[in-house]
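Working notes, structure below.
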Amino acid sequence: MNWTSIGLFLLAATALLGSPGPGIAALLAVTRSGGLRAGLRYYAGLQVGLALAAAVTAAGLFSLLAAFPLLLRAASIAAVIYLVYLAYRIGTAPVQATGETGPSASAIGGFFLGLSNPKAYLAFASLMASTTLIGGGVSSDAALKWALIVAVVLVVDMAWVLLGAVLHRATLPPQIERAMNIGFAAAILAAAIPALG
């Protein structure tokens, strides 16, 4: 086992998977709007979806799926439609609301986004193709990379949930809350646009 390579892999994974994309923008917005409980529910679904997406990539199935561009395009379009819906729900959420944002904050919504997130697949594929971390064959190396990716995603996404929870509890003037809701909605839409490319 090459500990230097593992450290560099974790650093790269943190940078790739911790930077805002559709999943993080949605996670932060759902938690900010709906509170910690809504955020944790969404987080749980998102993590299961991302872990499954990482497993698909580790098993080399993403390359197989890429051979069917129509299928990948349909998944990307479905993800964008969901993100537009989520952005609308966040952007129009009432200010100083104590309730949740509604169905967009469900674990199923998080799972769907995690499983269909194009940025995540690209990051997973890039990380899987990186230097070998462990001897013993391709499957051992892929399993270790998958486990490290899942660990990094769990930690960085929880940090975003906690930030959203802090913002949710903050007592802000209604104009600031409205601006934040619109800003989060715009961030989600901006993260969705590359998925159409």
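Chain labels A, B, ... are given in the sequence in which chains occur in the structure tokens; within each chain residues are numbered consecutively from 1, and ligands are likewise numbered from 1 in the order shown.
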
Contacts of stretch 10-23 of chain A at 7 Å or less, counting only C-alpha atoms, minus same-chain residues fewer than 4 places along, as a PDB file with N, CA and C atoms, in the first residue's frame?
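Writing the result to part_20.pdb gives the following:
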```
ATOM      1  N   ILE A   6      -2.137   7.356  -1.495  1.00  0.00           N
ATOM      2  CA  ILE A   6      -3.453   7.418  -0.848  1.00  0.00           C
ATOM      3  C   ILE A   6      -3.730   8.836  -0.354  1.00  0.00           C
ATOM      4  N   LEU A  27     -28.032  20.210  -1.814  1.00  0.00           N
ATOM      5  CA  LEU A  27     -27.934  19.839  -0.400  1.00  0.00           C
ATOM      6  C   LEU A  27     -27.910  21.074   0.494  1.00  0.00           C
ATOM      7  N   LEU A 113     -30.839  12.384  -7.487  1.00  0.00           N
ATOM      8  CA  LEU A 113     -29.792  13.318  -7.901  1.00  0.00           C
ATOM      9  C   LEU A 113     -28.407  12.679  -7.772  1.00  0.00           C
ATOM     10  N   GLY A 114     -28.166  11.950  -6.688  1.00  0.00           N
ATOM     11  CA  GLY A 114     -26.866  11.284  -6.515  1.00  0.00           C
ATOM     12  C   GLY A 114     -26.587  10.275  -7.611  1.00  0.00           C
ATOM     13  N   ASN A 117     -26.148  12.373 -11.173  1.00  0.00           N
ATOM     14  CA  ASN A 117     -25.334  13.587 -11.161  1.00  0.00           C
ATOM     15  C   ASN A 117     -24.158  13.462 -12.132  1.00  0.00           C
ATOM     16  N   LYS A 119     -21.685  15.518 -12.856  1.00  0.00           N
ATOM     17  CA  LYS A 119     -20.403  15.957 -12.293  1.00  0.00           C
ATOM     18  C   LYS A 119     -19.788  14.848 -11.451  1.00  0.00           C
ATOM     19  N   ALA A 123     -16.129  13.011 -11.932  1.00  0.00           N
ATOM     20  CA  ALA A 123     -15.149  13.008 -10.837  1.00  0.00           C
ATOM     21  C   ALA A 123     -14.775  11.572 -10.461  1.00  0.00           C
ATOM     22  N   LEU A 127     -11.065   9.882 -10.731  1.00  0.00           N
ATOM     23  CA  LEU A 127     -10.391   9.309  -9.567  1.00  0.00           C
ATOM     24  C   LEU A 127     -10.085   7.828  -9.761  1.00  0.00           C
ATOM     25  N   ILE A 149     -13.550   7.135  -1.777  1.00  0.00           N
ATOM     26  CA  ILE A 149     -14.469   8.112  -2.373  1.00  0.00           C
ATOM     27  C   ILE A 149     -15.721   8.262  -1.513  1.00  0.00           C
ATOM     28  N   VAL A 152     -14.914  10.222   1.643  1.00  0.00           N
ATOM     29  CA  VAL A 152     -14.743  11.650   1.373  1.00  0.00           C
ATOM     30  C   VAL A 152     -16.095  12.312   1.133  1.00  0.00           C
ATOM     31  N   VAL A 153     -16.954  11.684   0.341  1.00  0.00           N
ATOM     32  CA  VAL A 153     -18.270  12.261   0.052  1.00  0.00           C
ATOM     33  C   VAL A 153     -19.091  12.394   1.335  1.00  0.00           C
ATOM     34  N   VAL A 156     -17.432  15.518   3.296  1.00  0.00           N
ATOM     35  CA  VAL A 156     -17.594  16.856   2.708  1.00  0.00           C
ATOM     36  C   VAL A 156     -19.067  17.244   2.589  1.00  0.00           C
ATOM     37  N   ILE A 188     -28.140  26.443  -8.064  1.00  0.00           N
ATOM     38  CA  ILE A 188     -28.609  25.127  -8.522  1.00  0.00           C
ATOM     39  C   ILE A 188     -28.786  25.142 -10.043  1.00  0.00           C
ATOM     40  N   ALA A 191     -25.463  25.098 -11.738  1.00  0.00           N
ATOM     41  CA  ALA A 191     -24.852  23.763 -11.666  1.00  0.00           C
ATOM     42  C   ALA A 191     -25.531  22.809 -12.628  1.00  0.00           C
ATOM     43  N   ALA A 192     -26.797  23.074 -12.964  1.00  0.00           N
ATOM     44  CA  ALA A 192     -27.531  22.189 -13.859  1.00  0.00           C
ATOM     45  C   ALA A 192     -27.176  22.404 -15.321  1.00  0.00           C
TER      46      ALA A 192
END
```

Please return, as a count of residues only, all residues of stretch 99-180 of chain A that DSSP assigns to helix (DSSP H, G or I) on the basis of the backbone. 63

Neighbour list for stretch 82-88 of chain A as number ranges by chain, cut-off 9 Å, only C-alpha atoms, skip fewer than 3 positions in-chain: A: 22, 26, 29-30, 77-79, 91-93, 104-105, 109, 112-113, 181-182, 184-189, 191-192

Once you have the residues from the selection above, write them out as a compact mmCIF listing (two decimals), in the first residue's frame, restricted to N, CA, C and O atoms.
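Result saved to again15.txt:
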```txt
# COMPACT_ATOMS: atom_id res chain seq x y z
N PRO A 22 -24.07 20.19 -8.74
CA PRO A 22 -25.51 20.05 -8.53
C PRO A 22 -25.88 19.45 -7.16
O PRO A 22 -26.79 19.95 -6.50
N ALA A 26 -27.74 21.65 -4.23
CA ALA A 26 -29.06 21.22 -3.78
C ALA A 26 -29.06 20.90 -2.28
O ALA A 26 -29.98 21.28 -1.56
N ALA A 29 -28.94 24.13 -0.28
CA ALA A 29 -30.20 24.86 -0.40
C ALA A 29 -31.34 24.18 0.37
O ALA A 29 -32.12 24.84 1.05
N VAL A 30 -31.43 22.87 0.29
CA VAL A 30 -32.48 22.14 1.01
C VAL A 30 -32.31 22.32 2.51
O VAL A 30 -33.28 22.58 3.23
N ILE A 77 -30.97 14.79 -18.79
CA ILE A 77 -32.15 15.65 -18.93
C ILE A 77 -33.08 15.49 -17.73
O ILE A 77 -33.59 16.48 -17.19
N ALA A 78 -33.26 14.27 -17.26
CA ALA A 78 -34.10 14.04 -16.07
C ALA A 78 -33.50 14.73 -14.85
O ALA A 78 -34.22 15.34 -14.05
N ALA A 79 -32.17 14.67 -14.71
CA ALA A 79 -31.51 15.33 -13.59
C ALA A 79 -31.69 16.85 -13.67
O ALA A 79 -31.96 17.52 -12.67
N GLY A 91 -36.21 28.84 -4.56
CA GLY A 91 -36.31 30.26 -4.89
C GLY A 91 -37.62 30.90 -4.49
O GLY A 91 -37.68 32.09 -4.21
N THR A 92 -38.68 30.10 -4.45
CA THR A 92 -40.00 30.64 -4.09
C THR A 92 -40.42 30.28 -2.67
O THR A 92 -41.55 30.57 -2.28
N ALA A 93 -39.52 29.66 -1.91
CA ALA A 93 -39.85 29.28 -0.53
C ALA A 93 -40.14 30.53 0.29
O ALA A 93 -39.47 31.56 0.12
N SER A 104 -39.33 18.21 -2.59
CA SER A 104 -37.97 18.30 -3.12
C SER A 104 -36.92 17.94 -2.07
O SER A 104 -35.78 17.67 -2.40
N ALA A 105 -37.29 17.95 -0.79
CA ALA A 105 -36.35 17.66 0.28
C ALA A 105 -36.36 16.18 0.68
O ALA A 105 -35.83 15.82 1.70
N GLY A 109 -35.55 12.15 -3.62
CA GLY A 109 -35.00 13.21 -4.47
C GLY A 109 -33.49 13.24 -4.40
O GLY A 109 -32.80 13.37 -5.42
N PHE A 112 -32.08 10.17 -6.27
CA PHE A 112 -32.15 10.35 -7.71
C PHE A 112 -31.05 11.28 -8.20
O PHE A 112 -30.38 11.00 -9.21
N LEU A 113 -30.84 12.38 -7.49
CA LEU A 113 -29.79 13.32 -7.90
C LEU A 113 -28.41 12.68 -7.77
O LEU A 113 -27.57 12.83 -8.66
N ASN A 181 -32.36 32.75 -0.79
CA ASN A 181 -33.16 31.74 -1.49
C ASN A 181 -32.97 31.85 -3.00
O ASN A 181 -32.77 30.85 -3.69
N ILE A 182 -33.02 33.07 -3.50
CA ILE A 182 -32.84 33.28 -4.93
C ILE A 182 -31.41 32.93 -5.34
O ILE A 182 -31.18 32.32 -6.40
N PHE A 184 -29.41 30.70 -3.88
CA PHE A 184 -29.29 29.23 -3.90
C PHE A 184 -29.97 28.64 -5.13
O PHE A 184 -29.45 27.72 -5.76
N ALA A 185 -31.13 29.19 -5.48
CA ALA A 185 -31.82 28.71 -6.67
C ALA A 185 -30.97 28.95 -7.91
O ALA A 185 -30.85 28.08 -8.78
N ALA A 186 -30.36 30.13 -7.99
CA ALA A 186 -29.49 30.44 -9.14
C ALA A 186 -28.28 29.52 -9.17
O ALA A 186 -27.85 29.08 -10.25
N ALA A 187 -27.72 29.20 -7.99
CA ALA A 187 -26.56 28.28 -7.94
C ALA A 187 -26.95 26.89 -8.44
O ALA A 187 -26.19 26.24 -9.16
N ILE A 188 -28.14 26.44 -8.06
CA ILE A 188 -28.61 25.13 -8.52
C ILE A 188 -28.79 25.14 -10.04
O ILE A 188 -28.37 24.22 -10.74
N LEU A 189 -29.39 26.21 -10.56
CA LEU A 189 -29.57 26.32 -12.01
C LEU A 189 -28.23 26.38 -12.73
O LEU A 189 -28.04 25.75 -13.78
N ALA A 191 -25.46 25.10 -11.74
CA ALA A 191 -24.85 23.76 -11.67
C ALA A 191 -25.53 22.81 -12.63
O ALA A 191 -24.93 21.84 -13.08
N ALA A 192 -26.80 23.07 -12.96
CA ALA A 192 -27.53 22.19 -13.86
C ALA A 192 -27.18 22.40 -15.32
O ALA A 192 -27.24 21.48 -16.13
```

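The shell of residues at most 8 Å from A:Ala38, with only C-alpha atoms counted and near chain neighbours (fewer than 3 positions) removed, consists of A:Val30, A:Thr31, A:Gly34, A:Gly35, A:Arg41, A:Tyr42, A:Glu100, A:Ala105, A:Ser106.
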
Got time to write the residues from that selection, N, CA, C and O atoms, as an mmCIF file, in the first residue's frame?
```cif
data_model
loop_
_atom_site.group_PDB
_atom_site.id
_atom_site.type_symbol
_atom_site.label_atom_id
_atom_site.label_comp_id
_atom_site.auth_asym_id
_atom_site.auth_seq_id
_atom_site.Cartn_x
_atom_site.Cartn_y
_atom_site.Cartn_z
ATOM 1 N N VAL A 30 -31.428 22.873 0.286
ATOM 2 C CA VAL A 30 -32.479 22.137 1.007
ATOM 3 C C VAL A 30 -32.308 22.316 2.509
ATOM 4 O O VAL A 30 -33.278 22.578 3.228
ATOM 5 N N THR A 31 -31.072 22.221 2.995
ATOM 6 C CA THR A 31 -30.843 22.368 4.436
ATOM 7 C C THR A 31 -31.096 23.797 4.876
ATOM 8 O O THR A 31 -31.695 24.033 5.931
ATOM 9 N N GLY A 34 -35.044 24.102 4.566
ATOM 10 C CA GLY A 34 -35.877 23.197 5.351
ATOM 11 C C GLY A 34 -35.355 22.847 6.729
ATOM 12 O O GLY A 34 -36.054 22.223 7.515
ATOM 13 N N GLY A 35 -34.115 23.185 7.029
ATOM 14 C CA GLY A 35 -33.548 22.875 8.328
ATOM 15 C C GLY A 35 -32.760 21.576 8.337
ATOM 16 O O GLY A 35 -32.679 20.863 7.329
ATOM 17 N N ARG A 41 -32.225 14.162 5.798
ATOM 18 C CA ARG A 41 -33.003 13.219 4.985
ATOM 19 C C ARG A 41 -32.506 13.254 3.536
ATOM 20 O O ARG A 41 -32.275 12.229 2.913
ATOM 21 N N TYR A 42 -32.325 14.454 3.016
ATOM 22 C CA TYR A 42 -31.835 14.613 1.649
ATOM 23 C C TYR A 42 -30.411 14.070 1.534
ATOM 24 O O TYR A 42 -30.062 13.397 0.562
ATOM 25 N N GLU A 100 -40.501 22.564 6.028
ATOM 26 C CA GLU A 100 -39.580 22.071 5.030
ATOM 27 C C GLU A 100 -39.969 22.630 3.674
ATOM 28 O O GLU A 100 -40.985 23.260 3.503
ATOM 29 N N ALA A 105 -37.294 17.947 -0.793
ATOM 30 C CA ALA A 105 -36.348 17.658 0.277
ATOM 31 C C ALA A 105 -36.356 16.184 0.675
ATOM 32 O O ALA A 105 -35.828 15.820 1.698
ATOM 33 N N SER A 106 -36.947 15.333 -0.131
ATOM 34 C CA SER A 106 -37.059 13.924 0.238
ATOM 35 C C SER A 106 -35.764 13.156 -0.001
ATOM 36 O O SER A 106 -34.915 13.554 -0.800
#
```

Polymer residues at most 7 Å from A:Val95, only C-alpha atoms, same-chain spacing of 2 or more positions, as a ChimeraX atom specification: /A:93,97,174,177-178

Surrounding residues of A:Gln47 excluding itself and chain neighbours under 4 positions, 10 Å, only C-alpha atoms, as an MDAnalysis selection string: chainID A and resid 23 42:43 51:53 107 110:111 113:115 150 153:154 157:158

Atoms kept (N, CA and C atoms) for selection, written as a tab-separated table (two decimals), in the first residue's frame:
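The resulting part-v3.tsv:
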```tsv
chain	number	residue	atom	x	y	z
A	23	GLY	N	-25.18	18.41	-6.73
A	23	GLY	CA	-25.51	17.76	-5.47
A	23	GLY	C	-25.29	18.66	-4.27
A	42	TYR	N	-32.33	14.45	3.02
A	42	TYR	CA	-31.83	14.61	1.65
A	42	TYR	C	-30.41	14.07	1.53
A	43	TYR	N	-29.58	14.36	2.54
A	43	TYR	CA	-28.20	13.87	2.60
A	43	TYR	C	-28.16	12.34	2.53
A	51	ALA	N	-22.98	6.71	-3.67
A	51	ALA	CA	-22.23	5.47	-3.45
A	51	ALA	C	-22.50	4.46	-4.56
A	52	LEU	N	-23.75	4.40	-4.98
A	52	LEU	CA	-24.10	3.50	-6.08
A	52	LEU	C	-23.47	3.98	-7.39
A	53	ALA	N	-23.48	5.28	-7.64
A	53	ALA	CA	-22.85	5.83	-8.84
A	53	ALA	C	-21.34	5.56	-8.83
A	107	ALA	N	-35.64	12.05	0.69
A	107	ALA	CA	-34.49	11.16	0.48
A	107	ALA	C	-34.50	10.60	-0.93
A	110	GLY	N	-32.94	13.12	-3.19
A	110	GLY	CA	-31.49	13.08	-3.02
A	110	GLY	C	-30.88	11.88	-3.70
A	111	PHE	N	-31.52	10.72	-3.55
A	111	PHE	CA	-31.03	9.50	-4.19
A	111	PHE	C	-30.99	9.65	-5.70
A	113	LEU	N	-30.84	12.38	-7.49
A	113	LEU	CA	-29.79	13.32	-7.90
A	113	LEU	C	-28.41	12.68	-7.77
A	114	GLY	N	-28.17	11.95	-6.69
A	114	GLY	CA	-26.87	11.28	-6.52
A	114	GLY	C	-26.59	10.28	-7.61
A	115	LEU	N	-27.60	9.56	-8.01
A	115	LEU	CA	-27.45	8.52	-9.02
A	115	LEU	C	-27.32	9.09	-10.43
A	150	VAL	N	-16.30	7.15	-1.10
A	150	VAL	CA	-17.51	7.19	-0.27
A	150	VAL	C	-17.22	7.92	1.05
A	153	VAL	N	-16.95	11.68	0.34
A	153	VAL	CA	-18.27	12.26	0.05
A	153	VAL	C	-19.09	12.39	1.34
A	154	LEU	N	-19.04	11.39	2.19
A	154	LEU	CA	-19.79	11.46	3.46
A	154	LEU	C	-19.35	12.67	4.28
A	157	ASP	N	-19.92	16.30	2.26
A	157	ASP	CA	-21.34	16.63	2.17
A	157	ASP	C	-21.93	16.95	3.53
A	158	MET	N	-21.46	16.30	4.59
A	158	MET	CA	-21.94	16.63	5.93
A	158	MET	C	-21.52	18.04	6.32
```
